[in-house]
Amino acid sequence: MKPPLFRYEAPRTLKEAVGILASDPDAVVLAGGQSLVPAMNFRAANPSMLVDIQHVDGLKGVTLRNGEIIIRAMTRHRELELDPDVRRVNPLIEETMRHVAHIPIRNRGTVVGSLCHADPSAEMPLLFVLLDGTLVAEGPKEIRQIPAREFFHSFLTTTRKQDEIVVEARLPALPPGAGWAFDEVTRRHGDYAIVAVGCVLEIDAAGHAKGVRLAACGVADRPVRLSKAEAALNGTLLTEAALDDAARVSMEVITQTDDMNISASYRRRVLGALIRRTIRAASHRAINRARQ
Amino acid sequence: MSTRTFGARVERNIDPKLLRGEGAFVDDIPLTSALHAAFLRSPVARARIREINTTAAEAYPGVAAVYTCDDIGTLDMAMPLLIPHPSMKNPKTQRPLARGEVYYVGQTIAFVVAVDRYTAEDAAALIHVEYEALPVEMDLKAALEGGAPRVHSDVPNNLAAHFIQVSGEPDAAFARAEHVTRIEVQVDRSTAAPMECRAVAARWDAVSGELTVWDGTQAPISVRGGLASIFNLDEDKVRVIAPDVGGGFGQKVLLFYPDELLVPMAAMRIGRPVKYIEDRRENFIGSSQERTQIHTIELAALKSGEVIGLRDSFLHDTGAFIPYGIAVAQVASTSIAGPYRIPNIWVEFKAIYTPTVQVTPYRGCGRPQACFAIERAMDQLAEELNIDRVEIRRRNFISEKEFPYPREGLLFADGLKVTLDSGQYGRALGMAVAELNGPKFQAEKETARANGKYLGFGLACYVEGTGLGPYEGGHIRIHPITGKVYVNTGLSSQGQGHDTVFAQIVADQIGVPPEDVIVVEGDTKAFDWGVATFASRAAVVSGNAVHKAAVTVRTKVLEAAANMLETDIDDVELHDSAAWIKGSNRFVPLAAIATASNPLRYAFNEAAQAATQFAPASKHDGPPLADGQAPGMEATEYYSPPASTWAYGVHAAIVEVDPELCTVKIRKYVCIHDCGNMINPMIVEGQVFGGIAQGIGGALYEKLEYEPDGNLANASLMDFLVPYATEIPPVSILHLETPSPLNPLGVKGVGEAGCIAVGAVVASGVEDALRPLGPIKFRHVPLTPRMISEALEAVGQ
Amino acid sequence: MKRQIKHLIPDCSEDPKVEVALTVNGQAVRRTVSVRMLLSDFLRHELGLTGTHVGCEHGVCGCCTVHIDGKAGRSCLTLAVQANGCKVRTIEDVAISDKALHPIQQAFKECHALQCGFCTPGMVMNILSRFEEKAPLDLSEEGIRDMLSGNLCRCTGYINIIAAVRRAAELLGR
């Protein structure tokens with residue numbers, strides 16, 4: 001399983017990188033390689049050229065700026081996961097990232113790379129859709145800010161243009177007092193999710209839910225916000241009946257076709273269970289935080 | 001006095017080398033100017049090959065040669081049928097390169113040799129093949145029907161073999177039964193998935209006319225014999241070396257794989273060494289698989305729970321070819337009654353061709369399937385008769401005083417009548433139950449229920465025929481310079497620690513520390529009489545052969561030492577690498593004895609000179625070497641087992657089921673097992689742990705998914721779910737040692753033990769857990785979340 | 001067999017080449033290799049460090065795990081050219097000396113945590129990397145299993161490897 005031949009460039013500046021990409025419609029960006037290289041080893045991916053951006057100036061690091069977490073293109077998963085400031089302002093990120101493959105993959109793979117790969121069962125795209133993150137894409141002519149909800153188009157397909165490089169991804173800090181939770185079902189630890197659900201919510205002084213965010217992956221060709229469930233939960237006391245409602249109205253988002261091992265009815269069962277569990281866990285945390 | 005090492009938890013001699021990364025697996029061996037091979041493999045399951053065009057591939061820069069079936073001369077043949085049997089009417093084996101038709105996705109069509117593997121893969125992709133697709137039938141039952149597409153045009157109903165074995169009078173037993181239970185069970189296909197894929201390298205020495213082959217095989221001697229025969233070379237001119245091998249589990253005992261013939265052929269034709277290193281995708285679509293069986297099993301019982309008869313009819317999927325004969329199905333047949341008396345047995349199997357990778361033994365070799373069938377049936381019988389499932393087993397166990405317990409009419413894989421020789425089945429069962437199924441378990445059940453989880457107790461018993469013949473040998477020589485003891489046998493190791501286990505046997509006899517016993521095996525130049533490592537036989541067969549040789553050498557050493565120390569042989573003892581006069585400080589080192597026993601003219605070193613300080617090693621009149629005497633401290637002995645010796649065990653587990661997510665977590669797993677005397681309990685445990693992990697794989701995770709068109713959908717480790725550490729629970733092993741009465745060391749095999757009972761344990765545990773939710777049965781492994789979900793839906797949950 | 005005229009076969013492929021300069025086990029290394037050569041093949045065949053093994057070439061089994069700039073990474077998912085300027089460490093660099101094993105290796109030996117040895121170098125490199133990380137070590141049953149997930153072993157069933165990690169922590173005072 002050796003990769004096919006390709007041309008290789010290792011530009012030092014973003015301008016160079018973008019220019020090289022633009023010059024060849026079959027050129028692709030190489031960042032961490034944890035999704036691209038196995039595909040090439042299987043000869044399922046056959047790019048004419050790899051544009052290796054690891055030596056491009058200014059693409060490393062995680063910073064906090066104005067309540068936003070800025071992740072640059074070459075930031076490895078593990079850097080984001082272990083960053084103490086990030087954990088402080090948004091603990092959901094670390095909790096989610098523990099489910100991303102295994103640590104050696106997280107040491108090399110990049111957050112932005114995972115977003116651009118857009119596997120519908122991947123955790124990072126789910127996180128960005130849940131939190132309304134933003135991606136910044138730089139092309140030969142312009143820099144675009146793309147909301148996460150518009151970025152993921154379908155199975156392994158994003159709205160990034162072929163000659164654009166996503167240089168940065170941004171996530172918000174969680175609102176003060178918010179509860180958060182992430183849960184997923186896999187066959188083995190570290191596998192892609194069969195279904196995964198993320199939840200953020202706040203509880204007001206009277207105990208009502210507000211600002212509920214709920215999203216799932218593994219259910220369609222891209223991560224989906226469970227907006228009907230969110231609407232159903234906001235303002236309620238998060239009773240079991242409210243949770244059941246939220247689960248019920250979410251079933252329609254399942255468009256993922258059956259495979260030999262996962263049927264639609266199993267996916268529905270799991271989605272419902274994970275919705276309930278993440279809401280319960282998030283509300284428990286929210287209440288705790290409010291009490292502190 | 002040194003401590004006895006037989007039975008001790010001795011650390012392995014081989015470990016430092018492997019830990020430092022200094023192992024020499026086939027691809028680690030540097031071969032100057034080696035070329036590298038790749039295959040073109042069929043992308044379709046069944047097709048006629050209309051045309052093959054290799055022009056572009058041959059012209060690709062860096063390519064040395066491209067071969068199809070037309071280019072390989074006499075190698076273009078159906079490869080050997082290893083174990084003929086009359087139940088196979090028209091047995092089919094594959095050719096090294098397909099001729100005319102392909103029979104499964106992955107079958108080898110062309111062989112490319114190039115400067116490196118990257119280039120070889122490029123060139124293989126340039127080979128143009130025109131296929132005319134043929135219809136396929138993937139379902140085992142449907143494949144048997146008259147109108148089903150045939151895998152082989154001259155094999156009607158895809159029936160590769162049909163065999164019935166009868167013990168006692170099963171018809172009469174069923175006629176007088178007070179109750180009959182009948183269930184159908186299924187085990188799905190899996191694969192050994194060793195961490196090192198297969199690998200073959202060959203070098204032809206044109207000057208000496210010698211062919212050297214490095215092969216990650218479990219059967220170097222058998223491979224050597226086959227190669228010599230096929231290439232028409234004297235056996236002495238063919239050397240096969242199994243170097244360090246990264247796991248075998250049965251997959252690497254089959255010969256021949258196409259590369260095992262094509263790589264030597266290419267090396268000989270091109271005149272440069274050739275390497276073929278199978279990649280993981282190829283391992284999935286080219287190397288043997290196993291497990292698919294569907295059993296319809298009936299138990300005839302009395303109301304007391306005594307099972308008086310058994311009928312089992314099963315379908316066995318043999319893949320597109322049957323090179324290993326009916327071994328897997330035969331082993332399953334002869335294990336079907338487990339540890340139970342059941343004096344009347346009728347067992348039938350039909351081996352069926354399907355357009356898939358061929359099926360040859362994988363650890364367990366049919367025993368897991370048989371165990372699954374009988375254990376699920378016993379549980380069902382217990383439920384129907386309202387008898388506790390532990391109790392019903394106890395009532396049916398062969399008791400200690402009934403050994404040896406023959407099953408007339410059932411012939412094991414060695415062609416001999418099945419006879420269970422020894423064991424304490426009841427005691428093992430009691431231990432398993434005591435470990436897990438007490439009042440503590442009830443309390444845990446309630447706590448789990450409060451958290452929405454269900455706990456169940458899983459249980460299964462197994463027996464394992466081990467140590468089958470025909471024979472193995474052991475050769476021992478004490479080295480004159482260092483006094484170290486060299487041991488050779490005809491096996492090879494893929495991680496079982498032969499280097500230490502055999503060293504322990506010898507260490508005790510010769511009185512040296514195990515680290516000073518150097519075991520060299522897996523090389524036909526070192527020792528070339530023997531069969532292979534498989535079927536849980538190394539400790540029994542090679543172990544006893546090595547033991548016999550050690551005893552012979554020990555006698556020689558004592559005799560020589562007595563002469564050199566000028567004392568009676570009964571006054572000599574061996575320890576600390578020397579011979580001592582009992583109760584004194586007078587000793588002669590082993591090295592000196594070895595040197596002295598070789599009457600040399602020239603004293604070329606200190607040891608030779610030192611030897612002359614003692615009396616001569618040999619006390620007799622006449623020439624330095626007496627008639628019939630050999631120089632040195634050396635012996636070769638063979639052991640041929642009279643019959644298989646039957647190991648057994650009881651496994652139990654607490655499983656936790658989450659009915660919302662339909663996931664299963666094994667909380668705790670316990671294994672009571674008995675493999676007779678244990679040479680090294682640490683290594684025994686390692687084998688059992690490893691087997692249990694593979695068993696858990698088969699119980700919950702591992703299934704090869706063949707699509708209706710014959711494509712293998714999950715041909716990667718991403719999608720074929722070999723368990724990580726997170727999927728394996730804490731496991732305790734409790735040992736029972738009932739010595740085998742059949743061999744001097746009292747040992748039984750244990751290599752396959754761990755994996756046999758796991759499927760039945762997990763299925764019965766999940767069934768037990770979900771009992772409160774309805775009459776749910778699980779008779780199909782691997783047991784997936786989807787299956788649990790559907791079962792719950794069926795009872796309205 | 002009759003002697004034949006020697007085949008004329010090129011020494012290497014016509015792949016475009018790149019220069020790769022990095023530090024391996026503390027030593028500066030500079031080679032010119034095919035642009036597509038995987039780091040696993042570079043280490044094994046170009047440098048002769050065959051302790052790093054190849055089990056799957058799709059990043060699942062962990063046999064090929066090495067340290068890249070101090071962090072565990074899959075060498076089968078890394079192009080050699082991507083390692084330009086990096087510090088790479090392989091299993092050959094782990095033992096303390098010819099006579100002494102590293103405590104992790106010693107623990108493996110004591111606990112019978114290896115059988116065929118094929119997954120072992122990757123397993124050790126992964127564990128070593130975790131022990132060297134600043135992040136706190138979770139040495140509970142679950143924590144160790146989590147640490148080991150990502151490395152497949154088909155021989156040991158993992159039980160003894162878990163024991164070896166605990167023993168290594170003991171030997172290293174963690």
# chains A, B, ... in the order shown; residues from 1 in each chain; ligands from 1

call {"tool": "interface_residues", "arguments": {"of": "chain C", "to": "chain A", "cutoff": "6 Å", "atoms": "only C-alpha atoms", "output": "PyMOL selection string"}}
result
chain C and resi 58+72-73+77+150

call {"tool": "select_by_dssp", "arguments": {"residues": "segment 41-210 of chain A", "states": "strand (DSSP E)", "output": "JSON, numbers by chain"}}
result
{"A": [49, 50, 51, 52, 62, 63, 64, 65, 68, 69, 70, 71, 72, 134, 135, 136, 137, 138, 143, 144, 145, 146, 147, 152, 153, 154, 157, 158, 165, 166, 167, 168, 169, 170, 171, 172, 179, 180, 181, 182, 183, 184, 185, 195, 196, 197, 198, 199, 200, 201, 202, 203, 209, 210]}

call {"tool": "write_last_selection", "arguments": {"atoms": "C-alpha atoms", "output": "short mmCIF file (atom, residue, chain, number, x, y, z; two decimals), in the first residue's frame"}}
result
data_model
loop_
_atom_site.label_atom_id
_atom_site.label_comp_id
_atom_site.auth_asym_id
_atom_site.auth_seq_id
_atom_site.Cartn_x
_atom_site.Cartn_y
_atom_site.Cartn_z
CA MET A 49 0.73 17.66 -6.31
CA LEU A 50 1.04 18.05 -2.56
CA VAL A 51 1.43 21.56 -1.22
CA ASP A 52 3.04 21.03 2.18
CA VAL A 62 -3.51 28.57 19.51
CA THR A 63 -4.44 32.00 20.83
CA LEU A 64 -7.31 33.57 22.70
CA ARG A 65 -8.53 36.86 21.31
CA GLU A 68 -12.53 33.63 20.61
CA ILE A 69 -10.19 30.68 20.33
CA ILE A 70 -8.06 31.09 17.22
CA ILE A 71 -6.66 27.88 15.78
CA ARG A 72 -4.20 28.24 12.92
CA THR A 134 -15.91 30.16 11.75
CA LEU A 135 -13.29 29.24 9.19
CA VAL A 136 -11.08 31.74 7.43
CA ALA A 137 -10.12 30.78 3.89
CA GLU A 138 -7.51 32.61 1.89
CA ILE A 143 -10.00 36.20 2.28
CA ARG A 144 -13.38 34.74 3.21
CA GLN A 145 -14.90 34.12 6.60
CA ILE A 146 -17.09 31.05 6.36
CA PRO A 147 -19.51 30.15 9.14
CA PHE A 152 -19.80 21.56 5.51
CA HIS A 153 -21.62 20.83 2.29
CA SER A 154 -21.89 17.04 2.10
CA THR A 157 -17.14 17.98 0.66
CA THR A 158 -16.81 21.53 1.92
CA ILE A 165 -6.29 27.47 1.99
CA VAL A 166 -8.12 27.54 5.30
CA VAL A 167 -5.64 29.43 7.45
CA GLU A 168 -7.60 29.65 10.62
CA ALA A 169 -10.58 28.24 12.48
CA ARG A 170 -12.30 30.03 15.34
CA LEU A 171 -14.40 28.79 18.19
CA PRO A 172 -16.15 30.86 20.82
CA GLY A 179 -23.17 23.52 30.88
CA TRP A 180 -21.67 21.33 28.21
CA ALA A 181 -21.47 17.69 27.24
CA PHE A 182 -20.35 15.44 24.47
CA ASP A 183 -21.07 11.76 23.99
CA GLU A 184 -20.75 9.28 21.21
CA VAL A 185 -21.23 5.65 20.37
CA VAL A 195 -23.62 8.75 16.28
CA ALA A 196 -22.20 11.60 18.32
CA VAL A 197 -24.03 14.44 20.05
CA GLY A 198 -22.75 17.67 21.55
CA CYS A 199 -24.73 19.98 23.81
CA VAL A 200 -24.28 23.39 25.39
CA LEU A 201 -26.96 25.11 27.43
CA GLU A 202 -27.53 27.65 30.13
CA ILE A 203 -30.01 27.59 32.96
CA ALA A 209 -33.11 26.19 29.83
CA LYS A 210 -31.89 28.90 27.51
#

call {"tool": "closest_atom_pairs", "arguments": {"of": "chain B", "to": "chain A", "cutoff": "6 Å", "atoms": "only C-alpha atoms", "output": "tab-separated table"}}
result
residue	atom	partner	partner_atom	distance
B:Tyr118	CA	A:Lys2	CA	5.5
B:Leu661	CA	A:Val270	CA	5.3
B:Arg786	CA	A:Ile262	CA	5.9

call {"tool": "residues_around", "arguments": {"residues": "segment 131-138 of chain C", "least_positions_apart": "3", "cutoff": "9 Å", "atoms": "only C-alpha atoms", "output": "PyMOL selection string"}}
result
(chain A and resi 82) or (chain C and resi 70-71+126-128+141-144+146-147+169+174)

call {"tool": "write_last_selection", "arguments": {"atoms": "N, CA and C atoms", "output": "PDB file, in the first residue's frame"}}
result
ATOM      1  N   LEU A  82      -4.672  20.185  24.791  1.00  0.00           N
ATOM      2  CA  LEU A  82      -3.958  20.334  26.058  1.00  0.00           C
ATOM      3  C   LEU A  82      -3.780  21.791  26.485  1.00  0.00           C
TER       4      LEU A  82
ATOM      5  N   GLY C  70       9.639  14.851  19.447  1.00  0.00           N
ATOM      6  CA  GLY C  70       9.291  14.522  20.825  1.00  0.00           C
ATOM      7  C   GLY C  70       7.900  13.960  21.041  1.00  0.00           C
ATOM      8  N   LYS C  71       7.119  13.829  19.985  1.00  0.00           N
ATOM      9  CA  LYS C  71       5.753  13.329  20.168  1.00  0.00           C
ATOM     10  C   LYS C  71       5.535  12.068  19.339  1.00  0.00           C
ATOM     11  N   ASN C 126       4.975   4.517  22.037  1.00  0.00           N
ATOM     12  CA  ASN C 126       3.762   5.210  22.452  1.00  0.00           C
ATOM     13  C   ASN C 126       3.778   5.452  23.961  1.00  0.00           C
ATOM     14  N   ILE C 127       4.075   4.406  24.726  1.00  0.00           N
ATOM     15  CA  ILE C 127       4.080   4.526  26.183  1.00  0.00           C
ATOM     16  C   ILE C 127       5.151   5.514  26.622  1.00  0.00           C
ATOM     17  N   LEU C 128       6.321   5.412  26.022  1.00  0.00           N
ATOM     18  CA  LEU C 128       7.418   6.316  26.371  1.00  0.00           C
ATOM     19  C   LEU C 128       7.014   7.766  26.135  1.00  0.00           C
ATOM     20  N   GLU C 141      -6.793   1.516  35.785  1.00  0.00           N
ATOM     21  CA  GLU C 141      -7.068   0.491  34.759  1.00  0.00           C
ATOM     22  C   GLU C 141      -7.531   1.160  33.471  1.00  0.00           C
ATOM     23  N   GLU C 142      -8.527   2.028  33.643  1.00  0.00           N
ATOM     24  CA  GLU C 142      -9.105   2.677  32.468  1.00  0.00           C
ATOM     25  C   GLU C 142      -8.108   3.603  31.801  1.00  0.00           C
ATOM     26  N   GLY C 143      -7.350   4.317  32.613  1.00  0.00           N
ATOM     27  CA  GLY C 143      -6.382   5.263  32.079  1.00  0.00           C
ATOM     28  C   GLY C 143      -5.305   4.570  31.260  1.00  0.00           C
ATOM     29  N   ILE C 144      -4.825   3.417  31.755  1.00  0.00           N
ATOM     30  CA  ILE C 144      -3.783   2.697  31.022  1.00  0.00           C
ATOM     31  C   ILE C 144      -4.355   2.112  29.736  1.00  0.00           C
ATOM     32  N   ASP C 146      -6.721   3.299  28.022  1.00  0.00           N
ATOM     33  CA  ASP C 146      -6.858   4.439  27.129  1.00  0.00           C
ATOM     34  C   ASP C 146      -5.517   4.787  26.484  1.00  0.00           C
ATOM     35  N   MET C 147      -4.480   4.754  27.295  1.00  0.00           N
ATOM     36  CA  MET C 147      -3.138   5.061  26.796  1.00  0.00           C
ATOM     37  C   MET C 147      -2.750   4.087  25.691  1.00  0.00           C
ATOM     38  N   ALA C 169       5.837   2.441  35.553  1.00  0.00           N
ATOM     39  CA  ALA C 169       5.592   3.638  36.371  1.00  0.00           C
ATOM     40  C   ALA C 169       6.270   3.502  37.724  1.00  0.00           C
ATOM     41  N   ARG C 174       6.745   7.103  38.938  1.00  0.00           N
ATOM     42  CA  ARG C 174       5.606   7.957  38.572  1.00  0.00           C
ATOM     43  C   ARG C 174       4.399   7.556  39.397  1.00  0.00           C
TER      44      ARG C 174
END

call {"tool": "select_by_dssp", "arguments": {"residues": "chain C", "states": "alpha helix (DSSP H)", "output": "number ranges by chain"}}
result
C: 39-41, 103-110, 120-132, 141-148, 159-171

call {"tool": "write_last_selection", "arguments": {"atoms": "N, CA and C atoms", "output": "tab-separated table (two decimals), in the first residue's frame"}}
result
chain	number	residue	atom	x	y	z
C	39	LEU	N	8.02	7.71	5.68
C	39	LEU	CA	9.03	7.78	6.74
C	39	LEU	C	9.35	6.39	7.28
C	40	SER	N	8.33	5.53	7.36
C	40	SER	CA	8.55	4.16	7.85
C	40	SER	C	9.57	3.44	6.95
C	41	ASP	N	9.41	3.56	5.65
C	41	ASP	CA	10.35	2.91	4.73
C	41	ASP	C	11.72	3.59	4.77
C	103	PRO	N	13.66	1.27	31.59
C	103	PRO	CA	12.68	0.70	32.52
C	103	PRO	C	11.39	0.23	31.86
C	104	ILE	N	10.94	0.91	30.83
C	104	ILE	CA	9.72	0.43	30.16
C	104	ILE	C	9.99	-0.92	29.50
C	105	GLN	N	11.14	-1.05	28.86
C	105	GLN	CA	11.49	-2.33	28.25
C	105	GLN	C	11.68	-3.40	29.31
C	106	GLN	N	12.31	-3.03	30.40
C	106	GLN	CA	12.53	-3.97	31.49
C	106	GLN	C	11.20	-4.45	32.04
C	107	ALA	N	10.27	-3.52	32.20
C	107	ALA	CA	8.95	-3.88	32.72
C	107	ALA	C	8.24	-4.84	31.78
C	108	PHE	N	8.38	-4.62	30.47
C	108	PHE	CA	7.78	-5.52	29.49
C	108	PHE	C	8.33	-6.93	29.66
C	109	LYS	N	9.62	-7.02	29.88
C	109	LYS	CA	10.24	-8.34	30.02
C	109	LYS	C	9.75	-9.02	31.28
C	110	GLU	N	9.69	-8.27	32.37
C	110	GLU	CA	9.26	-8.86	33.64
C	110	GLU	C	7.82	-9.33	33.60
C	120	THR	N	5.62	-4.53	19.46
C	120	THR	CA	6.29	-4.05	20.68
C	120	THR	C	7.01	-2.72	20.53
C	121	PRO	N	7.83	-2.52	19.51
C	121	PRO	CA	8.49	-1.21	19.40
C	121	PRO	C	7.49	-0.05	19.36
C	122	GLY	N	6.44	-0.20	18.58
C	122	GLY	CA	5.43	0.87	18.50
C	122	GLY	C	4.74	1.07	19.84
C	123	MET	N	4.49	-0.02	20.52
C	123	MET	CA	3.85	0.02	21.83
C	123	MET	C	4.75	0.79	22.80
C	124	VAL	N	6.04	0.43	22.83
C	124	VAL	CA	6.99	1.07	23.74
C	124	VAL	C	7.12	2.55	23.42
C	125	MET	N	7.22	2.89	22.14
C	125	MET	CA	7.37	4.30	21.76
C	125	MET	C	6.15	5.10	22.18
C	126	ASN	N	4.97	4.52	22.04
C	126	ASN	CA	3.76	5.21	22.45
C	126	ASN	C	3.78	5.45	23.96
C	127	ILE	N	4.08	4.41	24.73
C	127	ILE	CA	4.08	4.53	26.18
C	127	ILE	C	5.15	5.51	26.62
C	128	LEU	N	6.32	5.41	26.02
C	128	LEU	CA	7.42	6.32	26.37
C	128	LEU	C	7.01	7.77	26.14
C	129	SER	N	6.37	8.00	25.02
C	129	SER	CA	5.94	9.36	24.70
C	129	SER	C	4.96	9.88	25.75
C	130	ARG	N	4.06	9.04	26.20
C	130	ARG	CA	3.11	9.48	27.23
C	130	ARG	C	3.83	9.77	28.56
C	131	PHE	N	4.79	8.91	28.89
C	131	PHE	CA	5.52	9.13	30.13
C	131	PHE	C	6.34	10.41	30.06
C	132	GLU	N	6.79	10.78	28.87
C	132	GLU	CA	7.63	11.98	28.72
C	132	GLU	C	6.82	13.26	28.61
C	141	GLU	N	-6.79	1.52	35.79
C	141	GLU	CA	-7.07	0.49	34.76
C	141	GLU	C	-7.53	1.16	33.47
C	142	GLU	N	-8.53	2.03	33.64
C	142	GLU	CA	-9.11	2.68	32.47
C	142	GLU	C	-8.11	3.60	31.80
C	143	GLY	N	-7.35	4.32	32.61
C	143	GLY	CA	-6.38	5.26	32.08
C	143	GLY	C	-5.30	4.57	31.26
C	144	ILE	N	-4.82	3.42	31.76
C	144	ILE	CA	-3.78	2.70	31.02
C	144	ILE	C	-4.35	2.11	29.74
C	145	ARG	N	-5.57	1.57	29.82
C	145	ARG	CA	-6.18	1.04	28.60
C	145	ARG	C	-6.32	2.15	27.56
C	146	ASP	N	-6.72	3.30	28.02
C	146	ASP	CA	-6.86	4.44	27.13
C	146	ASP	C	-5.52	4.79	26.48
C	147	MET	N	-4.48	4.75	27.29
C	147	MET	CA	-3.14	5.06	26.80
C	147	MET	C	-2.75	4.09	25.69
C	148	LEU	N	-3.12	2.83	25.87
C	148	LEU	CA	-2.70	1.80	24.93
C	148	LEU	C	-3.61	1.68	23.71
C	159	ILE	N	-3.40	-7.77	28.56
C	159	ILE	CA	-3.44	-7.81	30.03
C	159	ILE	C	-2.03	-7.58	30.60
C	160	ASN	N	-1.06	-8.28	30.06
C	160	ASN	CA	0.30	-8.13	30.59
C	160	ASN	C	0.93	-6.80	30.21
C	161	ILE	N	0.48	-6.21	29.12
C	161	ILE	CA	1.00	-4.89	28.74
C	161	ILE	C	0.51	-3.86	29.76
C	162	ILE	N	-0.73	-3.99	30.19
C	162	ILE	CA	-1.25	-3.08	31.22
C	162	ILE	C	-0.42	-3.23	32.49
C	163	ALA	N	-0.14	-4.46	32.85
C	163	ALA	CA	0.70	-4.70	34.03
C	163	ALA	C	2.09	-4.09	33.83
C	164	ALA	N	2.62	-4.16	32.63
C	164	ALA	CA	3.95	-3.62	32.36
C	164	ALA	C	3.97	-2.10	32.49
C	165	VAL	N	2.90	-1.46	32.08
C	165	VAL	CA	2.86	0.01	32.21
C	165	VAL	C	2.88	0.39	33.69
C	166	ARG	N	2.13	-0.37	34.47
C	166	ARG	CA	2.11	-0.10	35.91
C	166	ARG	C	3.49	-0.32	36.51
C	167	ARG	N	4.12	-1.39	36.11
C	167	ARG	CA	5.45	-1.73	36.62
C	167	ARG	C	6.46	-0.68	36.18
C	168	ALA	N	6.33	-0.21	34.93
C	168	ALA	CA	7.24	0.82	34.44
C	168	ALA	C	7.08	2.09	35.25
C	169	ALA	N	5.84	2.44	35.55
C	169	ALA	CA	5.59	3.64	36.37
C	169	ALA	C	6.27	3.50	37.72
C	170	GLU	N	6.18	2.30	38.27
C	170	GLU	CA	6.85	2.01	39.54
C	170	GLU	C	8.36	2.23	39.41
C	171	LEU	N	8.95	1.64	38.37
C	171	LEU	CA	10.40	1.73	38.18
C	171	LEU	C	10.84	3.17	37.94

call {"tool": "closest_residue", "arguments": {"among": "C:Ala100, C:Cys153, C:Ile68, C:Val81", "to": "Leu38 of chain C", "atoms": "only C-alpha atoms"}}
result
C:Val81

call {"tool": "interface_residues", "arguments": {"of": "chain C", "to": "chain B", "cutoff": "8 Å", "atoms": "only C-alpha atoms", "output": "ChimeraX atom specification"}}
result
/C:1,3,6-7,9-14,44,50-52,54-58,60-61,63,91-92,94-95,101,105,109-110,112,114-121,142,145-146,148-160

call {"tool": "residues_around", "arguments": {"residues": "segment 18-34 of chain C", "least_positions_apart": "6", "cutoff": "8 Å", "atoms": "only C-alpha atoms", "output": "list in words"}}
result
Ala80, Val81, Ala83, Asn84, Gly85, Cys86, Lys87, Val88, Arg89, Thr90, Glu92 and Asp93 of chain C

call {"tool": "write_last_selection", "arguments": {"atoms": "C-alpha atoms", "output": "JSON list (two decimals), in the first residue's frame"}}
result
[["chain", "number", "residue", "atom", "x", "y", "z"],
["C", 80, "ALA", "CA", 9.97, 11.17, 4.68],
["C", 81, "VAL", "CA", 10.08, 14.63, 3.16],
["C", 83, "ALA", "CA", 10.26, 14.98, 8.40],
["C", 84, "ASN", "CA", 12.70, 17.50, 6.97],
["C", 85, "GLY", "CA", 14.22, 19.46, 9.81],
["C", 86, "CYS", "CA", 12.63, 17.25, 12.44],
["C", 87, "LYS", "CA", 14.06, 15.22, 15.26],
["C", 88, "VAL", "CA", 13.02, 11.62, 14.95],
["C", 89, "ARG", "CA", 13.53, 9.01, 17.61],
["C", 90, "THR", "CA", 13.09, 5.27, 17.08],
["C", 92, "GLU", "CA", 16.78, 1.68, 18.67],
["C", 93, "ASP", "CA", 17.47, 4.76, 20.79]]

call {"tool": "residues_around", "arguments": {"residues": "Asn743 of chain B", "least_positions_apart": "5", "cutoff": "10 Å", "atoms": "only C-alpha atoms", "output": "MDAnalysis selection string"}}
result
chainID B and resid 467 540:541 543:544 639:643 645 748

call {"tool": "atom_distance", "arguments": {"atom1": "atom CA of Val572 of chain B", "atom2": "atom CA of Asp627 of chain B"}}
result
25.0 Å

call {"tool": "atom_distance", "arguments": {"atom1": "atom CA of Gly632 of chain B", "atom2": "atom CA of Ser597 of chain B"}}
result
4.9 Å

call {"tool": "atom_distance", "arguments": {"atom1": "atom CA of Ile49 of chain B", "atom2": "atom CA of Leu227 of chain B"}}
result
28.3 Å

call {"tool": "residues_around", "arguments": {"residues": "Thr236 of chain A", "least_positions_apart": "3", "cutoff": "9 Å", "atoms": "only C-alpha atoms", "output": "PyMOL selection string"}}
result
chain A and resi 207-210+232-233+239+242

call {"tool": "write_last_selection", "arguments": {"atoms": "C-alpha atoms", "output": "tab-separated table (two decimals), in the first residue's frame"}}
result
chain	number	residue	atom	x	y	z
A	207	GLY	CA	-34.31	26.83	36.32
A	208	HIS	CA	-35.37	27.21	32.68
A	209	ALA	CA	-33.11	26.19	29.83
A	210	LYS	CA	-31.89	28.90	27.51
A	232	ALA	CA	-38.38	22.58	21.96
A	233	LEU	CA	-36.00	22.70	24.92
A	239	THR	CA	-38.00	17.42	32.41
A	242	ALA	CA	-39.04	17.68	27.45
